file start35.txt (compact mmCIF, C-alpha atoms and all ligand atoms)
# COMPACT_ATOMS: atom_id res chain seq x y z
CA MET A 6 2.62 -24.37 11.66
CA THR A 7 0.59 -27.22 13.07
CA GLU A 8 -3.15 -27.05 13.60
CA LYS A 9 -2.53 -26.16 17.25
CA ASN A 10 -0.22 -23.22 16.83
CA LYS A 11 -1.83 -21.36 13.96
CA TYR A 12 -1.19 -17.66 14.41
CA TYR A 13 -4.84 -16.67 14.27
CA GLN A 14 -5.70 -19.12 17.02
CA MET A 15 -3.06 -17.77 19.43
CA SER A 16 -3.69 -15.40 22.30
CA LEU A 17 -2.05 -11.98 22.05
CA PRO A 18 0.86 -12.93 24.39
CA GLU A 19 1.40 -16.10 22.32
CA ARG A 20 1.56 -14.00 19.16
CA TRP A 21 4.16 -11.68 20.74
CA HIS A 22 6.15 -14.70 21.82
CA ASN A 23 5.92 -16.05 18.29
CA LEU A 24 7.17 -12.74 16.85
CA ARG A 25 10.10 -12.69 19.28
CA GLY A 26 11.10 -16.15 18.11
CA ASN A 27 10.38 -15.67 14.41
CA VAL A 28 11.75 -12.22 13.68
CA GLY A 29 13.65 -11.37 16.85
CA LEU A 30 11.37 -8.66 18.22
CA GLN A 31 12.72 -7.06 21.40
CA ASP A 32 11.01 -5.74 24.55
CA GLU A 33 10.58 -2.26 23.04
CA ASP A 34 8.82 -3.79 20.00
CA ILE A 35 6.46 -5.81 22.15
CA ALA A 36 5.78 -2.69 24.22
CA ALA A 37 4.96 -0.81 21.00
CA LEU A 38 2.57 -3.55 19.92
CA SER A 39 0.93 -4.07 23.31
CA GLY A 40 0.20 -0.39 23.82
CA GLU A 41 2.53 -0.08 26.80
CA GLY A 42 5.03 1.67 24.55
CA GLY A 43 4.56 3.03 21.06
CA LEU A 44 3.89 6.60 20.12
CA THR A 45 3.90 8.94 23.12
CA LEU A 46 2.06 12.24 23.35
CA GLU A 47 5.42 14.00 23.61
CA THR A 48 6.62 12.55 20.28
CA ALA A 49 3.23 13.10 18.65
CA ASN A 50 3.39 16.72 19.77
CA GLN A 51 6.60 17.08 17.74
CA MET A 52 5.10 15.46 14.66
CA ILE A 53 2.13 17.68 13.82
CA GLU A 54 0.41 20.81 15.11
CA ASN A 55 -2.33 21.26 17.71
CA VAL A 56 -1.81 17.73 19.04
CA SER A 57 -4.61 16.93 21.44
CA GLY A 58 -4.38 13.16 21.66
CA LEU A 59 -3.45 9.88 20.02
CA TYR A 60 -5.53 7.68 17.72
CA SER A 61 -5.06 3.91 17.55
CA LEU A 62 -5.88 1.32 14.90
CA PRO A 63 -5.51 -2.47 14.90
CA LEU A 64 -2.21 -3.89 13.63
CA GLY A 65 -2.52 -7.46 12.28
CA VAL A 66 0.34 -9.61 10.99
CA ALA A 67 -0.36 -11.40 7.70
CA GLN A 68 1.09 -14.88 7.41
CA HIS A 69 2.34 -17.21 4.63
CA PHE A 70 3.92 -14.59 2.36
CA VAL A 71 6.86 -15.88 0.34
CA ILE A 72 8.37 -13.15 -1.82
CA ASN A 73 11.36 -13.84 -4.07
CA GLY A 74 11.90 -17.04 -2.12
CA VAL A 75 11.98 -15.31 1.29
CA GLU A 76 9.28 -15.87 3.93
CA ARG A 77 7.91 -12.58 5.27
CA LEU A 78 5.57 -11.67 8.07
CA VAL A 79 3.64 -8.58 7.07
CA PRO A 80 2.24 -6.00 9.51
CA MET A 81 -1.00 -4.41 8.34
CA VAL A 82 -2.75 -1.47 10.00
CA ILE A 83 -6.41 -1.35 9.02
CA GLU A 84 -9.85 -1.00 10.56
CA GLU A 85 -11.63 -3.21 8.00
CA PRO A 86 -12.31 -6.83 8.98
CA SER A 87 -11.32 -9.67 6.60
CA VAL A 88 -8.38 -7.89 4.99
CA VAL A 89 -5.58 -9.50 7.02
CA ALA A 90 -7.20 -12.94 6.94
CA ALA A 91 -7.79 -12.67 3.18
CA ALA A 92 -4.20 -11.62 2.47
CA SER A 93 -2.84 -14.49 4.56
CA TYR A 94 -5.07 -17.06 2.93
CA MET A 95 -4.22 -15.92 -0.59
CA ALA A 96 -0.50 -15.87 0.27
CA LYS A 97 -0.90 -19.51 1.31
CA LEU A 98 -2.39 -20.39 -2.09
CA VAL A 99 0.32 -18.44 -3.90
CA LYS A 100 2.97 -20.25 -1.83
CA LEU A 101 1.79 -23.49 -3.48
CA GLY A 102 2.84 -21.95 -6.80
CA GLY A 103 6.25 -20.88 -5.49
CA GLY A 104 5.30 -17.57 -3.91
CA PHE A 105 5.38 -14.03 -5.30
CA THR A 106 8.05 -12.74 -7.63
CA ALA A 107 8.57 -9.03 -7.10
CA GLU A 108 10.84 -6.39 -8.55
CA THR A 109 11.32 -2.63 -8.48
CA THR A 110 12.79 -0.04 -10.78
CA PRO A 111 15.42 2.28 -9.20
CA PRO A 112 13.94 4.60 -6.55
CA GLU A 113 13.75 7.59 -8.87
CA MET A 114 11.30 10.33 -7.98
CA ILE A 115 10.18 13.14 -10.26
CA GLY A 116 10.29 16.76 -9.12
CA GLN A 117 8.56 19.47 -11.16
CA ILE A 118 9.44 23.11 -11.70
CA GLN A 119 6.72 25.13 -13.43
CA LEU A 120 8.39 27.87 -15.47
CA LEU A 121 6.23 30.89 -16.28
CA ASP A 122 6.88 34.15 -18.15
CA VAL A 123 9.63 32.56 -20.25
CA PRO A 124 10.49 35.13 -22.97
CA ASP A 125 11.21 32.50 -25.65
CA ILE A 126 10.24 28.89 -25.00
CA ARG A 127 12.44 27.39 -27.72
CA VAL A 128 15.52 29.35 -26.60
CA ALA A 129 14.80 28.38 -22.97
CA LYS A 130 14.57 24.68 -23.86
CA ARG A 131 17.90 24.84 -25.67
CA ALA A 132 19.51 26.74 -22.78
CA ILE A 133 18.42 24.14 -20.23
CA ALA A 134 19.72 21.34 -22.48
CA ALA A 135 23.07 23.17 -22.84
CA HIS A 136 23.41 23.59 -19.06
CA LYS A 137 22.05 20.18 -18.14
CA ASP A 138 25.33 18.66 -16.97
CA THR A 139 26.26 21.63 -14.78
CA LEU A 140 22.74 21.78 -13.33
CA LEU A 141 22.88 18.07 -12.48
CA ALA A 142 26.34 18.49 -10.95
CA GLU A 143 25.03 21.35 -8.82
CA ALA A 144 22.04 19.28 -7.79
CA ALA A 145 24.38 16.44 -6.74
CA GLU A 146 26.00 18.79 -4.20
CA ILE A 147 22.72 19.65 -2.49
CA ASP A 148 22.57 16.39 -0.49
CA PRO A 149 26.11 14.97 -0.25
CA ILE A 150 24.97 12.11 2.01
CA LEU A 151 22.41 10.92 -0.54
CA THR A 152 25.01 11.22 -3.30
CA LYS A 153 27.47 9.20 -1.19
CA LEU A 154 24.81 6.50 -0.74
CA GLY A 155 24.52 6.19 -4.51
CA GLY A 156 21.47 8.43 -4.96
CA GLY A 157 21.11 11.93 -6.34
CA PRO A 158 20.06 13.62 -9.58
CA ARG A 159 19.81 11.46 -12.68
CA ASP A 160 18.28 13.62 -15.38
CA LEU A 161 16.60 16.89 -16.31
CA ILE A 162 13.72 16.66 -18.75
CA VAL A 163 11.96 19.69 -20.20
CA ARG A 164 8.29 19.44 -21.14
CA GLU A 165 6.22 21.98 -23.03
CA LEU A 166 2.62 22.22 -21.81
CA TYR A 167 -0.40 24.22 -22.80
CA SER A 168 -3.25 25.50 -20.68
CA ASP A 169 -6.16 27.73 -21.71
CA THR A 170 -5.31 29.96 -18.77
CA LEU A 171 -1.54 30.17 -19.24
CA GLY A 172 -1.00 29.44 -22.92
CA ASP A 173 2.29 27.63 -23.58
CA PHE A 174 4.55 27.10 -20.60
CA LEU A 175 7.50 24.95 -19.60
CA VAL A 176 7.88 22.32 -16.92
CA VAL A 177 11.25 20.97 -15.91
CA HIS A 178 11.38 17.46 -14.44
CA LEU A 179 14.23 16.69 -12.12
CA ILE A 180 14.74 12.92 -11.90
CA TYR A 181 16.18 12.19 -8.48
CA ASP A 182 17.22 8.86 -7.03
CA VAL A 183 16.25 9.01 -3.35
CA ARG A 184 17.54 5.54 -2.34
CA ASP A 185 15.77 4.41 0.86
CA ALA A 186 13.84 7.62 1.54
CA MET A 187 10.28 8.32 0.48
CA GLY A 188 12.00 11.31 -1.04
CA ALA A 189 9.59 14.24 -0.86
CA ASN A 190 11.92 16.37 1.26
CA ALA A 191 15.03 15.56 -0.75
CA VAL A 192 13.30 16.32 -4.05
CA ASN A 193 11.58 19.51 -2.90
CA THR A 194 14.82 20.84 -1.42
CA ALA A 195 16.69 20.11 -4.65
CA LEU A 196 13.98 21.84 -6.70
CA GLU A 197 13.99 24.97 -4.55
CA THR A 198 17.79 25.13 -4.67
CA LEU A 199 18.01 24.67 -8.45
CA SER A 200 15.17 27.03 -9.36
CA PRO A 201 17.11 30.36 -9.25
CA ARG A 202 19.72 28.89 -11.64
CA ILE A 203 17.02 27.71 -14.02
CA GLU A 204 15.35 31.12 -13.84
CA ALA A 205 18.67 32.79 -14.69
CA ILE A 206 19.30 30.44 -17.62
CA THR A 207 15.81 30.76 -19.12
CA GLY A 208 14.77 34.28 -18.12
CA GLY A 209 11.57 32.73 -16.78
CA ARG A 210 10.00 32.58 -13.32
CA ALA A 211 9.96 29.33 -11.35
CA HIS A 212 6.42 29.12 -10.02
CA LEU A 213 5.63 25.72 -8.43
CA ARG A 214 8.53 23.58 -7.24
CA ILE A 215 7.15 20.30 -5.98
CA LEU A 216 7.52 16.56 -6.39
CA SER A 217 5.04 14.61 -8.52
CA ASN A 218 3.12 11.80 -6.86
CA LEU A 219 2.82 10.12 -10.22
CA ALA A 220 6.11 8.37 -9.45
CA ASP A 221 6.03 6.29 -12.61
CA ARG A 222 9.80 5.82 -12.65
CA ARG A 223 9.65 4.23 -9.21
CA LEU A 224 7.51 1.19 -9.93
CA ALA A 225 7.00 -1.99 -7.93
CA LYS A 226 5.73 -5.10 -9.66
CA ALA A 227 4.60 -8.46 -8.30
CA THR A 228 3.55 -11.58 -10.18
CA CYS A 229 2.22 -14.89 -8.95
CA CYS A 230 0.74 -18.14 -10.27
CA ILE A 231 -1.61 -20.41 -8.35
CA PRO A 232 -1.73 -24.07 -9.33
CA LEU A 233 -5.13 -24.79 -10.87
CA ALA A 234 -5.87 -27.62 -8.45
CA ALA A 235 -5.46 -25.29 -5.46
CA LEU A 236 -8.31 -23.06 -6.62
CA SER A 237 -11.30 -25.32 -5.97
CA PHE A 238 -13.25 -24.80 -2.76
CA ARG A 239 -16.72 -25.61 -1.41
CA ASP A 240 -18.82 -26.49 -4.45
CA PHE A 241 -16.71 -24.50 -6.89
CA THR A 242 -14.45 -26.33 -9.32
CA ALA A 243 -10.92 -25.04 -9.92
CA GLN A 244 -11.84 -24.06 -13.50
CA GLU A 245 -14.90 -22.14 -12.32
CA VAL A 246 -12.83 -20.21 -9.81
CA ARG A 247 -10.03 -19.43 -12.28
CA ASP A 248 -12.35 -18.38 -15.09
CA GLY A 249 -14.50 -16.43 -12.66
CA ILE A 250 -11.48 -14.47 -11.43
CA ILE A 251 -10.37 -13.71 -14.98
CA ALA A 252 -13.90 -12.58 -15.95
CA ALA A 253 -14.01 -10.37 -12.83
CA TRP A 254 -10.70 -8.79 -13.77
CA ALA A 255 -11.87 -8.24 -17.36
CA PHE A 256 -14.83 -6.27 -16.01
CA ALA A 257 -12.47 -3.91 -14.16
CA GLU A 258 -10.23 -3.66 -17.18
CA ALA A 259 -13.17 -2.51 -19.31
CA ASP A 260 -15.05 -0.24 -16.92
CA PRO A 261 -13.84 2.66 -14.71
CA TYR A 262 -16.80 2.22 -12.34
CA ARG A 263 -15.69 -1.31 -11.58
CA ALA A 264 -11.97 -0.47 -11.81
CA ALA A 265 -12.29 2.06 -8.97
CA THR A 266 -13.65 -0.64 -6.64
CA HIS A 267 -11.24 -3.27 -7.94
CA ASN A 268 -8.31 -0.94 -7.28
CA LYS A 269 -9.76 0.00 -3.89
CA GLY A 270 -9.51 -3.68 -2.96
CA ILE A 271 -5.84 -3.65 -4.02
CA MET A 272 -5.28 -0.52 -1.91
CA ASN A 273 -6.84 -2.26 1.11
CA GLY A 274 -3.68 -4.33 1.26
CA ILE A 275 -1.24 -1.69 0.06
CA ASP A 276 -2.37 1.11 2.37
CA ALA A 277 -2.40 -1.19 5.39
CA VAL A 278 1.30 -2.03 5.00
CA VAL A 279 2.22 1.53 4.02
CA LEU A 280 0.44 2.83 7.13
CA ALA A 281 2.05 0.21 9.38
CA THR A 282 5.47 1.50 8.32
CA GLY A 283 4.65 5.17 8.90
CA ASN A 284 4.79 5.96 5.19
CA ASP A 285 2.68 8.51 3.35
CA TRP A 286 -0.29 6.43 2.15
CA ARG A 287 -1.93 9.46 0.50
CA ALA A 288 1.10 9.75 -1.79
CA VAL A 289 0.87 6.05 -2.65
CA GLU A 290 -2.90 6.35 -3.26
CA ALA A 291 -2.45 9.40 -5.52
CA GLY A 292 0.29 7.64 -7.49
CA ALA A 293 -1.73 4.45 -7.85
CA HIS A 294 -4.87 6.07 -9.23
CA ALA A 295 -2.99 8.45 -11.52
CA TYR A 296 -1.04 5.46 -12.86
CA ALA A 297 -4.30 3.54 -13.37
CA ALA A 298 -5.40 6.36 -15.69
CA ARG A 299 -2.11 6.68 -17.58
CA SER A 300 -3.61 5.50 -20.88
CA GLY A 301 -6.19 8.29 -20.70
CA ARG A 302 -8.84 5.87 -19.41
CA TYR A 303 -8.96 4.74 -15.78
CA THR A 304 -8.54 0.97 -15.60
CA SER A 305 -7.43 -1.97 -13.45
CA LEU A 306 -3.99 -1.82 -11.87
CA SER A 307 -3.72 -5.61 -11.99
CA ARG A 308 -4.00 -8.27 -14.68
CA TRP A 309 -5.12 -11.92 -14.39
CA TRP A 310 -4.77 -14.62 -17.03
CA GLN A 311 -4.70 -18.34 -17.63
CA ALA A 312 -1.20 -19.79 -18.04
CA GLU A 313 -0.47 -22.38 -20.72
CA ASN A 314 -0.60 -25.18 -18.13
CA GLY A 315 -4.03 -23.98 -16.94
CA ASP A 316 -2.81 -22.26 -13.74
CA LEU A 317 -4.09 -18.81 -12.77
CA CYS A 318 -1.48 -16.06 -12.99
CA GLY A 319 -1.67 -12.44 -11.90
CA GLU A 320 0.43 -9.31 -12.02
CA LEU A 321 0.29 -5.92 -10.33
CA ALA A 322 2.49 -2.91 -11.06
CA LEU A 323 2.20 0.61 -9.68
CA PRO A 324 4.28 3.54 -8.40
CA MET A 325 5.56 2.84 -4.90
CA ALA A 326 7.08 5.84 -3.15
CA VAL A 327 7.85 4.31 0.24
CA GLY A 328 10.89 4.72 2.43
CA THR A 329 12.63 2.96 5.28
CA VAL A 330 14.51 6.02 6.51
CA GLY A 331 13.34 9.48 7.46
CA GLY A 332 9.97 10.82 8.50
CA ALA A 333 7.54 8.84 10.61
CA THR A 334 9.17 5.54 9.61
CA ARG A 335 11.92 6.37 12.12
CA VAL A 336 10.03 8.54 14.57
CA HIS A 337 7.01 6.33 15.21
CA PRO A 338 8.09 3.38 17.41
CA THR A 339 5.44 1.03 16.01
CA ALA A 340 6.51 1.88 12.44
CA ARG A 341 10.06 0.84 13.40
CA THR A 342 8.67 -2.39 14.83
CA SER A 343 6.75 -2.99 11.59
CA LEU A 344 9.96 -2.74 9.58
CA ARG A 345 11.59 -5.22 11.98
CA ILE A 346 8.66 -7.64 11.59
CA MET A 347 9.22 -7.64 7.82
CA GLN A 348 13.01 -7.72 8.21
CA VAL A 349 13.45 -5.39 5.26
CA GLU A 350 16.86 -4.02 4.36
CA SER A 351 15.82 -1.36 1.87
CA ALA A 352 12.93 0.71 0.54
CA GLN A 353 12.95 -1.43 -2.60
CA GLU A 354 12.46 -4.60 -0.55
CA LEU A 355 9.62 -2.89 1.32
CA ALA A 356 8.03 -1.86 -2.00
CA GLN A 357 8.20 -5.49 -3.19
CA ILE A 358 6.35 -6.67 -0.10
CA VAL A 359 3.73 -3.93 -0.39
CA VAL A 360 2.94 -4.70 -4.04
CA SER A 361 2.74 -8.45 -3.30
CA VAL A 362 0.20 -7.78 -0.56
CA GLY A 363 -1.80 -5.65 -3.01
CA LEU A 364 -1.89 -8.53 -5.48
CA ALA A 365 -2.91 -11.02 -2.76
CA GLN A 366 -5.70 -8.69 -1.66
CA ASN A 367 -6.95 -8.34 -5.22
CA LEU A 368 -6.97 -12.13 -5.62
CA ALA A 369 -8.95 -12.53 -2.40
CA ALA A 370 -11.59 -10.02 -3.45
CA LEU A 371 -11.98 -11.41 -6.99
CA ARG A 372 -12.11 -15.01 -5.74
CA ALA A 373 -14.86 -14.17 -3.26
CA LEU A 374 -16.80 -11.95 -5.67
CA ALA A 375 -16.58 -14.51 -8.48
CA THR A 376 -17.87 -17.33 -6.28
CA GLU A 377 -19.87 -17.01 -3.08
CA GLY A 378 -19.85 -13.19 -2.84
CA ILE A 379 -18.02 -11.24 -0.17
CA GLN A 380 -20.79 -10.94 2.39
CA ARG A 381 -20.46 -14.45 3.80
CA GLY A 382 -16.87 -14.02 5.01
CA HIS A 383 -17.30 -10.32 5.64
CA MET A 384 -20.39 -10.62 7.79
CA ALA A 385 -18.79 -13.07 10.23
CA LEU A 386 -16.11 -10.50 11.02
CA HIS A 387 -18.38 -7.50 10.72
CA ALA A 388 -20.66 -9.13 13.28
CA ARG A 389 -17.92 -8.78 15.90
CA GLN A 390 -17.77 -5.03 15.35
CA VAL A 391 -21.56 -4.82 15.54
CA ALA A 392 -21.47 -6.81 18.79
CA ILE A 393 -18.87 -4.44 20.27
CA SER A 394 -20.84 -1.37 19.12
CA ALA A 395 -23.94 -2.78 20.78
CA GLY A 396 -22.06 -2.99 24.09
CA ALA A 397 -20.87 -6.62 24.21
CA ALA A 398 -17.66 -7.25 26.13
CA GLY A 399 -15.26 -10.17 26.67
CA ALA A 400 -16.65 -13.59 25.79
CA GLN A 401 -20.00 -12.02 24.91
CA ILE A 402 -18.48 -10.61 21.69
CA GLU A 403 -17.87 -13.97 19.98
CA ARG A 404 -21.13 -15.43 21.28
CA LEU A 405 -23.21 -12.48 20.15
CA ALA A 406 -21.43 -12.28 16.77
CA ALA A 407 -22.07 -16.00 16.17
CA GLN A 408 -25.76 -15.60 16.97
CA LEU A 409 -26.11 -12.57 14.67
CA VAL A 410 -24.52 -14.49 11.79
CA GLN A 411 -26.62 -17.58 12.45
CA GLU A 412 -29.79 -15.48 12.45
CA ARG A 413 -28.53 -13.65 9.30
CA ALA A 414 -29.32 -10.44 11.16
CA VAL A 415 -25.99 -8.64 11.59
CA ARG A 416 -27.64 -5.44 12.77
CA ILE A 417 -27.06 -3.21 15.76
CA ASP A 418 -30.75 -3.16 16.79
CA ARG A 419 -30.88 -6.98 16.90
CA ALA A 420 -27.53 -7.10 18.74
CA ARG A 421 -28.87 -4.73 21.42
CA GLU A 422 -32.05 -6.78 21.69
CA ILE A 423 -30.12 -10.03 22.27
CA LEU A 424 -27.84 -8.33 24.80
CA SER A 425 -30.78 -7.05 26.81
CA GLN A 426 -32.37 -10.51 26.72
CA TRP A 427 -29.14 -11.96 28.13
CA GLN A 428 -29.03 -9.27 30.81
CA ALA A 429 -32.65 -9.98 31.77
CA GLN A 430 -31.88 -13.71 31.98
CA ALA A 431 -28.83 -13.06 34.15
C1 LIG B 501 -13.91 -3.92 -0.14
O1 LIG B 501 -13.19 -3.19 0.82
C2 LIG B 501 -13.06 -4.22 -1.34
C3 LIG B 501 -13.79 -4.90 -2.52
O2 LIG B 501 -14.92 -4.14 -2.90
C4 LIG B 501 -12.81 -4.98 -3.67
C5 LIG B 501 -13.40 -5.44 -4.97
O3 LIG B 501 -14.61 -5.25 -5.19
O4 LIG B 501 -12.62 -5.97 -5.78
C6 LIG B 501 -14.28 -6.28 -2.14
call {"tool": "encode", "arguments": {"input": "start35.txt", "output": "structure tokens"}}
result
Amino acid sequence: MTEKNKYYQMSLPERWHNLRGNVGLQDEDIAALSGEGGLTLETANQMIENVSGLYSLPLGVAQHFVINGVERLVPMVIEEPSVVAAASYMAKLVKLGGGFTAETTPPEMIGQIQLLDVPDIRVAKRAIAAHKDTLLAEAAEIDPILTKLGGGPRDLIVRELYSDTLGDFLVVHLIYDVRDAMGANAVNTALETLSPRIEAITGGRAHLRILSNLADRRLAKATCCIPLAALSFRDFTAQEVRDGIIAAWAFAEADPYRAATHNKGIMNGIDAVVLATGNDWRAVEAGAHAYAARSGRYTSLSRWWQAENGDLCGELALPMAVGTVGGATRVHPTARTSLRIMQVESAQELAQIVVSVGLAQNLAALRALATEGIQRGHMALHARQVAISAGAAGAQIERLAAQLVQERAVRIDRAREILSQWQAQA
């Protein structure tokens, strides 16, 4: 892009035009983005209960992402200023190092059956092992379409747990490849169908039958390296920036108080893409934080280090239960448009984009925190929201925001004061 046609400098109609040309968006997509189309009350009324309205959030499109050699535009739904700009800028730096490399494990979800009142735990374990193949074959018949698409049950694993309340009890894990679905419905249906057979085999009682959000067999991983020279900015040398980012990461690695905030920054990017595609961001959040505590101590989801040639490299891996079929991804028109913007073919491709955005977001936060602090960039954007809250409209918004930043007084009371001065002058 030349200086003149940078995406962030375009008007909204220019951006829509750009998206038509770049990723082939159609009239219905532009209608979804412009607010003329999108989710209707009628559809919303079918989605949840007691529908009484619609709720909108901004959708930004992050630029400069190159993932596994493919350029991607990335829709992000988020109310927080700076996030989309930060992701785009970091993606631009990463592009200088060849872009993100991302991979996923097979889309295997875990479903759990809690078995209570088992007469003999050891006999029950042996019985499940003996019937494993038939149970898996029966599970494969539950969703013939999924099986035809190459998904379906992969394994049955029996775990023995202890609780002070229950004593010893059994949990059966059904490992289920859900292909391009998020998978909750497929897994829960399979669990409920299999449970009576497992009860009969073990003599126990299937209590809970529900998928686990700690989807640690369905991982997405992204790595990137930024050439050292690309890291310097303002008065900061490249070495200072690199070492500062690594020291910031080491803090999160060592301390759960910092790790929670560090990971929150990662989730700023992840949730925004997950939400844009109509996926269940609470499931992704739950999986991410449980995974961050898998060693028994909550820690950073990412890792940053210095490569042998001096470049800065980073890596992020976490469970990524996202789908491109089923649920709101297909029902919500703007979610469909989001998938078209990214031009993804599968849930695994989507997961690779999501995890790359998470890594970019983490880099942006650490780079800012390790150098000038986040308030400088944040305040400029926050000032716009303060200006709007104070009642500014149209061209007043930018003007008022600029004045608030210049005065270093990004506060609603000052914004109102300036607005009333302008009104008095007019
Ligand atoms: C703010 O939304 C996110 C950060 O706090 C993340 C971080 O501290 O790494 C800036």
call {"tool": "atom_distance", "arguments": {"input": "start35.txt", "atom1": "atom CA of A:Thr207", "atom2": "atom CA of A:Ala129"}}
result
4.6 Å
call {"tool": "closest_residue", "arguments": {"input": "start35.txt", "among": "A:Gly40, A:Pro86, A:Gly26, A:Gly172", "to": "ligand LIG 501 (chain B)", "atoms": "only C-alpha atoms and all ligand atoms"}}
result
A:Pro86
call {"tool": "closest_residue", "arguments": {"input": "start35.txt", "among": "A:Glu165, A:Glu85, A:Glu204, A:Glu350", "to": "ligand LIG 501 (chain B)", "atoms": "only C-alpha atoms and all ligand atoms"}}
result
A:Glu85
call {"tool": "closest_residue", "arguments": {"input": "start35.txt", "among": "A:Ser57, A:Ser305, A:Asn218, A:Thr228", "to": "ligand LIG 501 (chain B)", "atoms": "all atoms listed in the file"}}
result
A:Ser305
call {"tool": "residues_near_ligand", "arguments": {"input": "start35.txt", "ligand": "ligand LIG 501 (chain B)", "cutoff": "9 Å", "atoms": "only C-alpha atoms and all ligand atoms", "output": "PyMOL selection string"}}
result
chain A and resi 85-88+253-254+257+263-273+366-371+373-374+378-379
call {"tool": "axis_aligned_box", "arguments": {"input": "start35.txt", "around": "stretch 75-90 of chain A", "padding_each_side": "5 Å", "output": "AutoDock Vina command-line options"}}
result
--center_x -0.2 --center_y -8.4 --center_z 5.9 --size_x 34.3 --size_y 24.9 --size_z 19.3
